[in-house]
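Asker: Quick one, coords.txt (compact mmCIF, C-alpha atoms and all ligand atoms):
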# COMPACT_ATOMS: atom_id res chain seq x y z
CA MET A 3 -8.00 -8.63 -45.99
CA GLY A 4 -5.56 -7.30 -48.55
CA GLY A 5 -2.98 -5.89 -46.12
CA THR A 6 0.64 -6.80 -45.50
CA VAL A 7 0.64 -9.04 -42.45
CA HIS A 8 3.49 -9.40 -39.96
CA THR A 9 3.71 -13.21 -39.70
CA PRO A 10 6.33 -15.39 -37.98
CA GLU A 11 7.73 -16.04 -41.50
CA GLY A 12 8.02 -12.32 -42.25
CA PRO A 13 5.71 -9.83 -43.97
CA ARG A 14 3.19 -11.50 -46.30
CA GLU A 15 0.25 -10.32 -48.31
CA VAL A 16 -2.31 -12.70 -46.92
CA ASP A 17 -5.70 -12.62 -45.26
CA VAL A 18 -6.29 -13.20 -41.57
CA GLN A 19 -9.40 -15.09 -40.57
CA ILE A 20 -10.89 -14.70 -37.12
CA ALA A 21 -13.61 -16.56 -35.26
CA GLY A 22 -14.57 -16.42 -31.61
CA GLY A 23 -11.88 -13.82 -30.86
CA VAL A 24 -9.09 -16.10 -32.06
CA ILE A 25 -7.10 -16.19 -35.32
CA THR A 26 -8.23 -19.26 -37.26
CA ALA A 27 -6.26 -18.93 -40.49
CA VAL A 28 -3.50 -16.83 -42.04
CA GLY A 29 -3.22 -17.35 -45.77
CA ASN A 30 -5.22 -17.16 -48.93
CA ASP A 31 -7.97 -19.64 -48.09
CA ARG A 32 -11.45 -18.57 -49.06
CA ALA A 33 -13.36 -16.97 -46.23
CA PRO A 34 -16.72 -18.47 -45.19
CA GLU A 35 -19.71 -17.05 -47.12
CA ASP A 36 -21.13 -15.19 -44.13
CA ALA A 37 -17.79 -13.68 -42.99
CA ARG A 38 -17.55 -9.95 -42.34
CA THR A 39 -14.46 -8.52 -44.03
CA VAL A 40 -12.20 -5.58 -43.21
CA ASP A 41 -10.48 -3.93 -46.15
CA ALA A 42 -6.82 -3.48 -45.23
CA ARG A 43 -5.45 -2.83 -48.73
CA GLY A 44 -2.29 -0.72 -48.54
CA MET A 45 -2.14 -1.20 -44.76
CA TYR A 46 0.12 -3.08 -42.36
CA VAL A 47 -1.59 -5.73 -40.25
CA LEU A 48 0.37 -6.09 -37.01
CA PRO A 49 0.08 -7.94 -33.71
CA GLY A 50 -1.25 -5.67 -30.95
CA ALA A 51 1.46 -4.15 -28.82
CA ILE A 52 2.03 -5.32 -25.24
CA ASP A 53 3.31 -2.42 -23.16
CA VAL A 54 4.99 -4.11 -20.20
CA HIS A 55 5.69 -0.87 -18.37
CA VAL A 56 2.74 1.37 -17.57
CA HIS A 57 1.55 3.16 -14.45
CA SER A 58 -2.25 3.24 -14.33
CA ARG A 59 -2.17 5.31 -11.07
CA ASP A 60 -5.25 3.30 -10.17
CA PRO A 61 -6.02 2.80 -7.32
CA GLY A 62 -4.46 5.73 -5.48
CA PHE A 63 -4.18 8.66 -7.88
CA PRO A 64 -7.12 8.58 -10.31
CA GLN A 65 -6.75 12.35 -10.82
CA LYS A 66 -3.53 11.48 -12.72
CA GLU A 67 -4.93 8.49 -14.66
CA ASP A 68 -7.22 5.52 -14.18
CA PHE A 69 -7.67 2.19 -15.95
CA GLY A 70 -10.33 3.76 -18.18
CA THR A 71 -8.18 6.59 -19.53
CA LEU A 72 -5.03 4.45 -19.61
CA THR A 73 -6.60 1.72 -21.69
CA ALA A 74 -8.43 4.18 -23.97
CA ALA A 75 -5.04 5.74 -24.78
CA ALA A 76 -3.57 2.25 -25.26
CA ALA A 77 -6.34 1.19 -27.66
CA ALA A 78 -5.94 4.40 -29.68
CA GLY A 79 -2.23 3.62 -30.08
CA GLY A 80 -2.50 -0.04 -31.05
CA VAL A 81 -1.58 -1.39 -27.61
CA THR A 82 -3.88 -4.33 -26.83
CA THR A 83 -2.31 -5.39 -23.52
CA VAL A 84 -0.81 -3.26 -20.77
CA VAL A 85 1.09 -4.62 -17.80
CA ASP A 86 0.67 -2.31 -14.84
CA MET A 87 3.34 -1.49 -12.29
CA PRO A 88 2.67 -2.29 -8.62
CA ASN A 89 3.38 1.15 -7.08
CA THR A 90 -0.29 2.09 -6.93
CA VAL A 91 -1.85 2.69 -3.49
CA PRO A 92 -2.17 0.32 -1.77
CA ALA A 93 0.93 -1.14 -3.40
CA VAL A 94 0.49 -4.63 -4.84
CA ASP A 95 2.47 -6.59 -2.26
CA ALA A 96 -0.04 -9.32 -1.38
CA ALA A 97 -2.53 -11.57 -3.17
CA GLY A 98 -5.58 -9.79 -1.72
CA VAL A 99 -4.41 -6.39 -3.00
CA MET A 100 -3.76 -7.87 -6.43
CA GLU A 101 -7.24 -9.40 -6.55
CA SER A 102 -8.93 -6.06 -5.71
CA LYS A 103 -6.80 -4.23 -8.25
CA ALA A 104 -7.68 -6.81 -10.91
CA ALA A 105 -11.39 -6.34 -10.13
CA LEU A 106 -11.02 -2.56 -10.42
CA ALA A 107 -9.16 -2.85 -13.73
CA ARG A 108 -11.68 -5.31 -15.18
CA ARG A 109 -14.53 -2.84 -14.71
CA GLN A 110 -12.81 -0.17 -16.84
CA ALA A 111 -10.36 -1.87 -19.19
CA ARG A 112 -10.66 -1.27 -22.95
CA VAL A 113 -7.67 -3.55 -23.55
CA ASP A 114 -6.25 -6.52 -21.66
CA VAL A 115 -4.37 -5.89 -18.43
CA GLY A 116 -1.65 -7.80 -16.60
CA LEU A 117 -0.33 -6.88 -13.17
CA TRP A 118 3.19 -6.79 -11.79
CA ALA A 119 3.65 -7.42 -8.05
CA LEU A 120 5.88 -5.50 -5.66
CA LEU A 121 9.00 -6.93 -4.05
CA ARG A 122 9.63 -5.35 -0.62
CA SER A 123 12.50 -5.95 1.76
CA GLY A 124 9.84 -7.52 4.01
CA THR A 125 8.45 -9.84 1.32
CA THR A 126 8.40 -13.55 2.21
CA SER A 127 8.36 -16.68 0.03
CA GLU A 128 4.71 -17.15 1.03
CA ASP A 129 3.89 -13.64 -0.23
CA LEU A 130 5.50 -14.50 -3.57
CA GLU A 131 3.60 -17.77 -3.86
CA GLY A 132 0.31 -16.03 -3.05
CA LEU A 133 0.94 -13.30 -5.60
CA ALA A 134 1.90 -15.85 -8.26
CA ALA A 135 -1.30 -17.79 -7.58
CA ALA A 136 -3.26 -14.51 -7.88
CA GLY A 137 -1.86 -14.03 -11.41
CA ALA A 138 1.23 -11.82 -11.01
CA ILE A 139 3.13 -11.36 -14.27
CA GLY A 140 6.35 -11.08 -12.23
CA PHE A 141 7.94 -9.11 -9.41
CA LYS A 142 9.31 -5.57 -9.46
CA ALA A 143 12.00 -4.37 -7.08
CA TYR A 144 12.47 -0.63 -6.75
CA LEU A 145 16.02 -0.38 -5.47
CA GLY A 146 16.27 2.59 -3.12
CA TYR A 147 12.52 3.00 -2.65
CA ALA A 148 11.28 2.66 0.91
CA PHE A 149 7.80 1.41 1.83
CA SER A 150 5.40 3.25 4.10
CA LEU A 151 3.82 0.64 6.35
CA THR A 152 0.82 2.82 7.26
CA ARG A 153 0.12 4.33 3.83
CA LYS A 154 1.03 1.13 1.92
CA GLN A 155 2.94 3.26 -0.53
CA VAL A 156 6.33 3.11 -2.24
CA HIS A 157 8.43 6.25 -2.30
CA TYR A 158 12.00 7.28 -2.69
CA SER A 159 13.48 8.14 0.66
CA PRO A 160 16.89 7.95 2.23
CA ASP A 161 15.29 8.84 5.61
CA LEU A 162 15.39 5.46 7.27
CA ASP A 163 15.02 6.81 10.80
CA ASP A 164 11.31 7.21 10.16
CA PRO A 165 9.72 4.21 11.96
CA ASP A 166 6.90 4.16 9.40
CA LEU A 167 9.34 3.31 6.62
CA GLU A 168 10.45 -0.21 5.81
CA ALA A 169 13.94 -0.25 4.31
CA PRO A 170 14.10 -0.43 0.50
CA PRO A 171 14.76 -3.81 -1.09
CA ASP A 172 18.52 -4.21 -1.55
CA TYR A 173 20.78 -6.73 -3.26
CA GLY A 174 20.34 -8.95 -0.20
CA THR A 175 16.57 -8.95 -0.76
CA LEU A 176 17.12 -9.90 -4.40
CA ALA A 177 19.57 -12.67 -3.49
CA ARG A 178 17.19 -14.07 -0.84
CA LEU A 179 14.10 -14.11 -3.08
CA ALA A 180 15.55 -14.72 -6.57
CA PRO A 181 15.63 -18.55 -6.17
CA VAL A 182 11.94 -18.53 -5.11
CA ILE A 183 10.97 -16.38 -8.09
CA ALA A 184 13.00 -18.65 -10.40
CA GLU A 185 11.14 -21.64 -8.98
CA LEU A 186 7.81 -19.93 -9.65
CA GLY A 187 8.89 -19.47 -13.29
CA LEU A 188 8.29 -15.71 -13.25
CA PRO A 189 10.60 -12.80 -14.09
CA LEU A 190 12.23 -10.39 -11.64
CA LEU A 191 12.18 -6.76 -12.74
CA ILE A 192 14.41 -4.04 -11.41
CA HIS A 193 14.38 -0.29 -11.34
CA ALA A 194 18.14 -0.15 -11.77
CA GLU A 195 19.62 2.87 -10.02
CA ASP A 196 22.03 2.05 -7.20
CA PRO A 197 20.73 3.88 -4.09
CA GLY A 198 24.19 4.34 -2.57
CA ILE A 199 25.36 6.24 -5.63
CA LEU A 200 22.17 8.30 -5.81
CA ALA A 201 22.56 9.22 -2.11
CA ALA A 202 26.16 10.30 -2.69
CA PHE A 203 25.16 12.65 -5.53
CA ARG A 204 21.97 14.05 -4.00
CA ARG A 205 21.61 17.80 -4.58
CA PRO A 206 18.96 20.45 -5.12
CA LEU A 207 17.61 20.27 -8.67
CA GLU A 208 17.64 23.68 -10.30
CA THR A 209 18.86 22.89 -13.80
CA TYR A 210 18.72 19.87 -16.08
CA ALA A 211 22.45 19.41 -15.51
CA ASP A 212 21.72 19.01 -11.78
CA LEU A 213 19.36 16.14 -12.56
CA LEU A 214 21.99 14.37 -14.68
CA ALA A 215 24.59 14.86 -11.94
CA ALA A 216 22.19 13.61 -9.25
CA ARG A 217 21.31 10.41 -11.11
CA PRO A 218 24.50 9.47 -12.95
CA ALA A 219 24.78 6.60 -15.43
CA GLU A 220 27.12 4.66 -13.14
CA ALA A 221 24.20 4.23 -10.71
CA GLU A 222 22.45 2.30 -13.48
CA ALA A 223 25.55 0.31 -14.49
CA VAL A 224 26.31 -0.75 -10.90
CA ALA A 225 22.72 -1.85 -10.24
CA VAL A 226 22.53 -3.82 -13.51
CA ALA A 227 25.83 -5.58 -12.84
CA ALA A 228 24.93 -6.50 -9.26
CA ALA A 229 21.43 -7.73 -10.08
CA ALA A 230 22.76 -9.68 -13.08
CA GLU A 231 25.25 -11.45 -10.82
CA ILE A 232 22.34 -12.52 -8.57
CA ALA A 233 20.31 -13.62 -11.60
CA GLY A 234 23.23 -15.68 -12.88
CA ALA A 235 23.59 -17.43 -9.53
CA SER A 236 19.88 -18.15 -9.04
CA GLY A 237 18.74 -18.72 -12.62
CA VAL A 238 15.92 -16.17 -12.26
CA ARG A 239 14.95 -14.34 -15.46
CA LEU A 240 16.03 -10.76 -14.77
CA HIS A 241 14.47 -7.88 -16.66
CA VAL A 242 15.94 -4.39 -16.59
CA ALA A 243 13.24 -1.72 -16.88
CA HIS A 244 13.81 1.57 -18.72
CA LEU A 245 17.50 1.23 -19.58
CA SER A 246 18.75 4.79 -20.11
CA SER A 247 22.53 4.89 -20.50
CA ALA A 248 25.51 3.67 -22.48
CA ALA A 249 27.15 2.58 -19.21
CA GLY A 250 24.08 0.59 -18.16
CA LEU A 251 23.97 -1.07 -21.58
CA ALA A 252 27.67 -1.96 -21.41
CA ALA A 253 27.20 -3.53 -17.96
CA ALA A 254 24.24 -5.53 -19.26
CA GLN A 255 26.14 -6.70 -22.35
CA GLU A 256 29.00 -7.87 -20.16
CA ALA A 257 26.56 -9.83 -17.96
CA ILE A 258 24.82 -11.39 -20.99
CA ARG A 259 28.22 -12.48 -22.35
CA ALA A 260 28.90 -14.12 -19.00
CA GLY A 261 25.64 -16.05 -19.34
CA ALA A 262 23.23 -14.09 -17.13
CA PRO A 263 19.55 -14.63 -18.06
CA LEU A 264 18.87 -10.98 -18.75
CA THR A 265 16.37 -9.07 -20.88
CA LEU A 266 16.54 -5.35 -21.50
CA GLU A 267 13.89 -2.76 -22.12
CA THR A 268 14.28 0.85 -23.12
CA CYS A 269 11.65 3.50 -23.85
CA PRO A 270 10.93 5.82 -26.79
CA GLN A 271 11.93 8.91 -24.76
CA TYR A 272 15.49 7.55 -24.36
CA LEU A 273 15.69 6.71 -28.07
CA TRP A 274 14.34 9.99 -29.48
CA LEU A 275 15.55 12.63 -27.02
CA CYS A 276 18.65 13.88 -25.21
CA ASP A 277 19.46 16.57 -22.64
CA ASP A 278 19.43 19.30 -25.32
CA ASP A 279 15.69 18.81 -25.75
CA PHE A 280 15.05 20.15 -22.25
CA ARG A 281 15.11 23.73 -23.56
CA ARG A 282 12.17 22.87 -25.81
CA LEU A 283 10.24 20.47 -23.57
CA GLY A 284 10.91 21.51 -19.98
CA ASN A 285 9.30 19.38 -17.27
CA ALA A 286 7.49 17.23 -19.86
CA MET A 287 10.78 15.32 -20.25
CA LYS A 288 11.56 15.04 -16.54
CA VAL A 289 11.63 11.28 -15.99
CA TYR A 290 13.61 8.84 -13.81
CA PRO A 291 16.08 7.62 -14.80
CA PRO A 292 16.79 10.83 -16.70
CA ILE A 293 17.01 11.26 -20.46
CA ARG A 294 20.77 11.63 -20.84
CA THR A 295 23.24 12.75 -23.53
CA ALA A 296 23.23 12.26 -27.29
CA SER A 297 25.91 9.59 -26.93
CA ASP A 298 23.74 7.64 -24.46
CA ARG A 299 20.83 7.87 -26.90
CA ASP A 300 23.03 6.67 -29.78
CA ALA A 301 24.36 3.73 -27.73
CA LEU A 302 20.78 2.67 -26.93
CA LEU A 303 19.81 2.94 -30.60
CA GLU A 304 22.76 0.73 -31.50
CA GLY A 305 21.86 -1.74 -28.74
CA LEU A 306 18.37 -1.94 -30.19
CA ALA A 307 19.65 -2.33 -33.76
CA LYS A 308 21.96 -5.18 -32.69
CA GLY A 309 19.22 -6.89 -30.70
CA VAL A 310 20.95 -6.59 -27.33
CA ILE A 311 17.99 -4.51 -26.23
CA GLY A 312 15.08 -6.71 -27.21
CA MET A 313 12.07 -4.61 -26.36
CA VAL A 314 10.60 -1.17 -26.05
CA ALA A 315 8.02 -0.24 -23.42
CA THR A 316 6.89 3.22 -22.41
CA ASP A 317 7.07 3.75 -18.64
CA HIS A 318 3.77 5.59 -19.21
CA ALA A 319 3.56 7.62 -15.98
CA PRO A 320 1.08 10.51 -16.08
CA HIS A 321 0.67 13.33 -13.59
CA THR A 322 -1.74 16.24 -13.57
CA ASP A 323 -0.86 19.32 -15.63
CA GLU A 324 -0.73 21.37 -12.41
CA GLU A 325 1.83 18.99 -10.89
CA LYS A 326 4.00 19.07 -14.01
CA ALA A 327 3.80 22.89 -14.06
CA ALA A 328 5.67 23.12 -10.71
CA PRO A 329 9.26 24.41 -10.63
CA PHE A 330 11.74 21.89 -12.06
CA GLY A 331 13.03 20.61 -8.71
CA GLU A 332 9.54 19.88 -7.36
CA ALA A 333 7.78 18.66 -10.50
CA PRO A 334 7.14 14.90 -10.37
CA SER A 335 8.97 12.70 -12.84
CA GLY A 336 7.09 10.76 -15.50
CA SER A 337 5.51 11.20 -18.91
CA PRO A 338 2.58 9.59 -20.69
CA GLY A 339 3.61 7.47 -23.68
CA VAL A 340 1.42 4.42 -24.27
CA GLN A 341 -0.51 6.00 -27.15
CA THR A 342 2.63 6.72 -29.21
CA LEU A 343 4.57 3.48 -28.54
CA TYR A 344 3.73 1.73 -31.81
CA VAL A 345 4.06 4.63 -34.24
CA SER A 346 7.31 5.86 -32.67
CA CYS A 347 8.82 2.35 -32.87
CA LEU A 348 7.70 1.83 -36.46
CA GLU A 349 9.48 5.07 -37.36
CA LEU A 350 12.65 3.98 -35.52
CA ALA A 351 12.60 0.56 -37.14
CA LYS A 352 12.10 2.12 -40.57
CA ARG A 353 15.11 4.36 -40.00
CA GLN A 354 17.10 1.29 -38.95
CA GLY A 355 16.25 -0.28 -42.31
CA ASP A 356 13.61 -2.85 -41.33
CA VAL A 357 10.20 -1.61 -40.29
CA TRP A 358 9.15 -5.18 -39.35
CA ARG A 359 11.42 -5.13 -36.33
CA ALA A 360 8.96 -2.87 -34.53
CA PRO A 361 6.37 -5.61 -33.82
CA ARG A 362 9.17 -7.73 -32.37
CA TRP A 363 10.16 -4.94 -29.95
CA VAL A 364 6.65 -4.04 -28.83
CA SER A 365 4.74 -7.31 -29.19
CA GLU A 366 6.71 -10.56 -29.58
CA ALA A 367 9.48 -9.92 -27.05
CA PRO A 368 7.15 -8.41 -24.42
CA ALA A 369 4.79 -11.40 -24.81
CA ALA A 370 7.67 -13.72 -23.93
CA LEU A 371 8.70 -11.61 -20.94
CA ALA A 372 5.16 -11.52 -19.59
CA GLY A 373 4.52 -15.23 -20.14
CA LEU A 374 1.85 -14.51 -22.76
CA GLN A 375 3.66 -16.07 -25.71
CA GLU A 376 1.11 -18.88 -26.07
CA SER A 377 -1.74 -16.46 -26.77
CA LYS A 378 -0.38 -13.06 -27.79
CA GLY A 379 2.39 -11.30 -29.72
CA THR A 380 2.05 -13.26 -32.95
CA ILE A 381 -0.35 -13.36 -35.88
CA ALA A 382 -0.83 -17.10 -36.33
CA PRO A 383 -3.70 -19.58 -35.95
CA GLY A 384 -4.64 -20.17 -32.32
CA PHE A 385 -3.50 -16.77 -31.07
CA ASP A 386 -5.81 -14.06 -29.72
CA ALA A 387 -7.01 -11.82 -32.57
CA ASP A 388 -5.32 -8.73 -31.06
CA ILE A 389 -4.62 -6.94 -34.32
CA VAL A 390 -3.65 -3.43 -35.31
CA ILE A 391 -4.14 -1.93 -38.74
CA VAL A 392 -1.50 0.70 -39.44
CA ASP A 393 -1.45 3.15 -42.33
CA PRO A 394 2.20 3.41 -43.47
CA ASN A 395 1.43 6.50 -45.57
CA LYS A 396 -0.25 8.69 -43.02
CA ALA A 397 1.84 10.45 -40.38
CA THR A 398 0.98 10.94 -36.72
CA ARG A 399 1.88 14.24 -35.14
CA VAL A 400 2.04 14.05 -31.35
CA ARG A 401 -0.40 16.71 -30.19
CA ALA A 402 -2.12 17.17 -26.85
CA ASP A 403 -5.61 17.38 -28.36
CA VAL A 404 -5.57 13.81 -29.71
CA MET A 405 -4.20 12.21 -26.54
CA ARG A 406 -6.62 10.08 -24.55
CA SER A 407 -4.51 9.94 -21.39
CA ARG A 408 -5.36 12.35 -18.56
CA GLN A 409 -1.95 14.02 -18.96
CA ARG A 410 -1.98 15.27 -22.51
CA HIS A 411 1.50 16.75 -22.78
CA GLY A 412 4.41 14.34 -22.83
CA ALA A 413 8.07 13.93 -23.70
CA LEU A 414 7.37 13.25 -27.40
CA ASP A 415 5.23 16.38 -27.88
CA GLY A 416 5.57 17.92 -31.32
CA MET A 417 7.25 14.89 -32.94
CA GLU A 418 6.00 13.41 -36.17
CA PHE A 419 6.10 9.71 -37.05
CA GLY A 420 5.32 8.47 -40.55
CA PHE A 421 2.67 5.93 -39.49
CA SER A 422 -0.77 6.05 -37.97
CA VAL A 423 -2.95 3.50 -36.22
CA ARG A 424 -6.16 3.14 -38.22
CA ALA A 425 -7.88 0.48 -36.13
CA THR A 426 -7.22 -1.69 -33.10
CA TYR A 427 -8.96 -5.03 -32.55
CA LEU A 428 -9.00 -6.84 -29.22
CA ARG A 429 -9.89 -10.53 -29.64
CA GLY A 430 -11.49 -9.66 -32.95
CA SER A 431 -13.59 -6.72 -31.68
CA LEU A 432 -12.89 -3.16 -32.75
CA VAL A 433 -11.79 -1.17 -29.68
CA SER A 434 -10.49 1.95 -31.42
CA GLY A 435 -10.43 3.49 -34.87
CA GLU A 436 -12.68 3.69 -37.91
CA GLY A 437 -14.34 6.65 -36.17
CA ARG A 438 -15.11 4.58 -33.10
CA ARG A 439 -13.88 4.48 -29.55
CA ALA A 440 -14.36 1.60 -27.19
CA GLU A 441 -16.88 2.90 -24.70
CA ARG A 442 -17.68 -0.52 -23.32
CA PRO A 443 -14.87 -2.13 -21.35
CA SER A 444 -14.04 -5.49 -22.92
CA GLY A 445 -10.52 -5.95 -21.57
CA ARG A 446 -9.64 -8.96 -19.48
CA ILE A 447 -7.03 -9.68 -16.85
CA VAL A 448 -4.26 -11.81 -18.34
CA ARG A 449 -2.20 -14.33 -16.41
CA PRO A 450 1.21 -15.63 -17.37
CA PHE A 451 2.04 -19.05 -18.65
CA ARG A 452 4.57 -20.17 -16.02
CA ARG A 453 7.70 -21.91 -17.19
ZN ZN B 501 8.03 3.06 -14.26
As structure tokens, please, write out the structure in this file.
Answerer:
Amino acid sequence: MGGTVHTPEGPREVDVQIAGGVITAVGNDRAPEDARTVDARGMYVLPGAIDVHVHSRDPGFPQKEDFGTLTAAAAAGGVTTVVDMPNTVPAVDAAGVMESKAALARRQARVDVGLWALLRSGTTSEDLEGLAAAGAIGFKAYLGYAFSLTRKQVHYSPDLDDPDLEAPPDYGTLARLAPVIAELGLPLLIHAEDPGILAAFRRPLETYADLLAARPAEAEAVAVAAAAEIAGASGVRLHVAHLSSAAGLAAAQEAIRAGAPLTLETCPQYLWLCDDDFRRLGNAMKVYPPIRTASDRDALLEGLAKGVIGMVATDHAPHTDEEKAAPFGEAPSGSPGVQTLYVSCLELAKRQGDVWRAPRWVSEAPAALAGLQESKGTIAPGFDADIVIVDPNKATRVRADVMRSRQRHGALDGMEFGFSVRATYLRGSLVSGEGRRAERPSGRIVRPFRR
């Protein structure tokens, strides 16, 4: 009580009442006599963030991260739901794999977890129906990424002579399966880098400039335009993950103007950093698609300010410190980020003149994408009491020693944001903050409401 609450009608100084894990009232009604109260005077009371782009690494690479460390980092950062990418091992390409992964996640999760499913070139309509019935949030296509049939693993490879490798999903795969996905009422996600363009620019990576030359912005623009065309024709909701360039944004804007059902996501690392930061950060900022130039960053900031880009997710993708310490060309790409999503977005929104936009980017819009808009993303009666209390007068400095993820150094290292997460509640129960950490997993597996 006593805080400023982000409500559908805007920020209001009201109390939020909770019973049985659900919000029962938002207003100034008297609380029941026996109610326990939380003093939130001077604080912001926000809906828990839903990070729709995380890589738990679990199962497959628990030395990098697992559901326990991932969701502990999420809880510490005010993220109450994570939606995990399907490129774990075995990759989530069938209902049975999804069910085992859900069981694994449930045993460790400190926050709620949703699961994306993998779209392969060999995926059938029956596979999609099975995955949807098993609770898939939607389907992710990694353009250009082949699939190892023996190791059940996704990896980037132009070497299609290898009989173990199934060809990557291409625009034909998308066109064939988009109508089925549309019928299922779920979104189609793409990793948007055109493989033909990447193959043409392949080179050894010695400098940061090599990385930018090897993965140029036109690869993103071409993939967005092509996939948007397919979405327009089939009616499937298309979501572009980790948009990174001005050219990609322009292609998306064009497609939206033409009526394509498209949503766009970018990540804090593309909004706060540019190629110049490599001198300071080194491999910590090696991610795919790459962090590009200052003008790309500024275009993405403008896209976010204008609402063309509707949401921010993290592409939280940890590796071990040893792996990230390899020479630039060999170091794996990816950075942790889930713990700093909310504070970094609050700071961006404040600089754009309206701090209350941040919950829309990280909670409301992601809830709609993930089909969770009936239960999450909003502070209103009937919704899950996934609530974050943020101190707007206490800064967070991104430092390795406070990170809960297994990889402690990330792309935002050293930055300072003028907000801090004081407490995170999942369905009314404290899961982080006030000197406490959630040691007992209370997260659940969430399933989408299918339109
Ligand atoms: Zn990713």
Asker: Could you pull out every residue with an atom within 10 Å of (-1.9, -3.7, -38.5), file coordinates, counting only C-alpha atoms, and send them as a list in words?
Answerer: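 In the file's frame, the residues around the point are Gly5, Thr6, Val7, His8, Ala42, Met45, Tyr46, Val47, Leu48, Pro49, Gly50, Gly80, Pro361, Asp388, Ile389, Val390, Ile391, Val392, Asp393, Pro394, Ser422, Val423, Arg424, Ala425, Thr426 and Tyr427 of chain A.
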Asker: Could you list the protein, DNA and RNA residues that have any atom within 9 Å of ligand ZN 501 (chain B), counting all atoms listed in the file, and write them as a PyMOL selection string?
Answerer: chain A and resi 55-57+87+89+193+243-244+290+316-319+336
Asker: Have a look at A:Ile52, A:Ala77, A:Val99, A:Met3 and name the one nearest to A:Gln375; count only C-alpha atoms.
Answerer: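 Comparing A:Ile52, A:Ala77, A:Val99, A:Met3 against A:Gln375, the winner is A:Ile52.
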Asker: Considering all atoms listed in the file, return as an mmCIF file with C-alpha atoms, keeping the file's coordinate frame whatever protein or nucleic-acid residues lie within 10 Å of A:Phe63, sequence-local ones (same chain, fewer than 3 positions apart) excluded.
Answerer:
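Result saved to result30.cif:
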data_model
loop_
_atom_site.group_PDB
_atom_site.id
_atom_site.type_symbol
_atom_site.label_atom_id
_atom_site.label_comp_id
_atom_site.auth_asym_id
_atom_site.auth_seq_id
_atom_site.Cartn_x
_atom_site.Cartn_y
_atom_site.Cartn_z
ATOM 1 C CA SER A 58 -2.250 3.240 -14.330
ATOM 2 C CA ARG A 59 -2.170 5.310 -11.070
ATOM 3 C CA ASP A 60 -5.250 3.300 -10.170
ATOM 4 C CA LYS A 66 -3.530 11.480 -12.720
ATOM 5 C CA GLU A 67 -4.930 8.490 -14.660
ATOM 6 C CA ASP A 68 -7.220 5.520 -14.180
ATOM 7 C CA THR A 90 -0.290 2.090 -6.930
ATOM 8 C CA VAL A 91 -1.850 2.690 -3.490
ATOM 9 C CA PRO A 320 1.080 10.510 -16.080
ATOM 10 C CA HIS A 321 0.670 13.330 -13.590
ATOM 11 C CA THR A 322 -1.740 16.240 -13.570
#
Asker: When you count only C-alpha atoms, which of these residues is closest to A:Ser407: A:Gly305, A:Pro338, A:Pro291, A:Gly445?
Answerer: A:Pro338
Asker: Calculated over all atoms listed in the file, which of the candidates A:Glu220, A:Ala21, A:Ala254, A:Gly4 has the smallest distance to A:Arg43?
Answerer: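 Going through A:Glu220, A:Ala21, A:Ala254, A:Gly4 one by one, the smallest distance to A:Arg43 is for A:Gly4.
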Asker: For A:Leu179, find every residue with an atom within 8 Å (counting all atoms listed in the file), except residues of its own chain fewer than 3 positions away, and show them as a list in words.
Answerer: Thr126, Ser127, Thr175, Leu176, Val182 and Ile183 of chain A
Asker: I'd like to know which of A:Asn285, A:Val242, A:Pro92, A:Pro64 is closest to A:Ser150, using all atoms listed in the file.
Answerer: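 When distances to A:Ser150 are compared using all atoms listed in the file, the smallest one comes from A:Pro92.
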Asker: Using all atoms listed in the file, which protein or nucleic acid residues come within 9 Å of A:Leu371? Drop anything in the same chain fewer than 4 positions from it, and give the result as a ChimeraX atom specification.
Answerer: /A:54,139,188-189,239,241,265,366-367,375
Asker: Using all atoms listed in the file, which of the listed residues (A:Thr82, A:Asn395, A:Leu266, A:Arg446) sits closest to A:Gly44?
Answerer: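 Ranking A:Thr82, A:Asn395, A:Leu266, A:Arg446 by distance to A:Gly44, first place goes to A:Asn395.
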Asker: Would you pick out the contacts of A:Trp274 at 12 Å or less, using only C-alpha atoms, so that residues sharing its chain but fewer than 3 positions from it are not included, and give the list as a PyMOL selection string?
Answerer: chain A and resi 246+268-271+277-279+287+293-303+343+346-347+349-350+353+413-419
Asker: Please return as number ranges by chain every residue within 8 Å of (22.8, 4.0, -10.3), taking into account all atoms listed in the file and the file's own coordinates.
Answerer: A: 194-200, 217-225
Asker: Go through A:Lys326, A:Arg109, A:Arg359, A:Arg401 one by one, measure the shortest atom-to-atom distance of each to A:Gly70 using only C-alpha atoms, and give the residue with the smallest value.
Answerer: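 Closest candidate: A:Arg109.
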Asker: So that I can check the surroundings of A:Gly331, please list as a ChimeraX atom specification every protein, DNA and RNA residue that reaches within 12 Å of it, counting only C-alpha atoms and ignoring chain neighbours fewer than 6 positions away.
Answerer: /A:205-213,216,284-285,288-289,325
Asker: Which value, in Å to one decimal, gives the distance between atom CA of A:Ala286 and atom CA of A:Arg406?
Answerer: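 Taking atom CA of A:Ala286 as the start and atom CA of A:Arg406 as the end point, the length is 16.5 Å.
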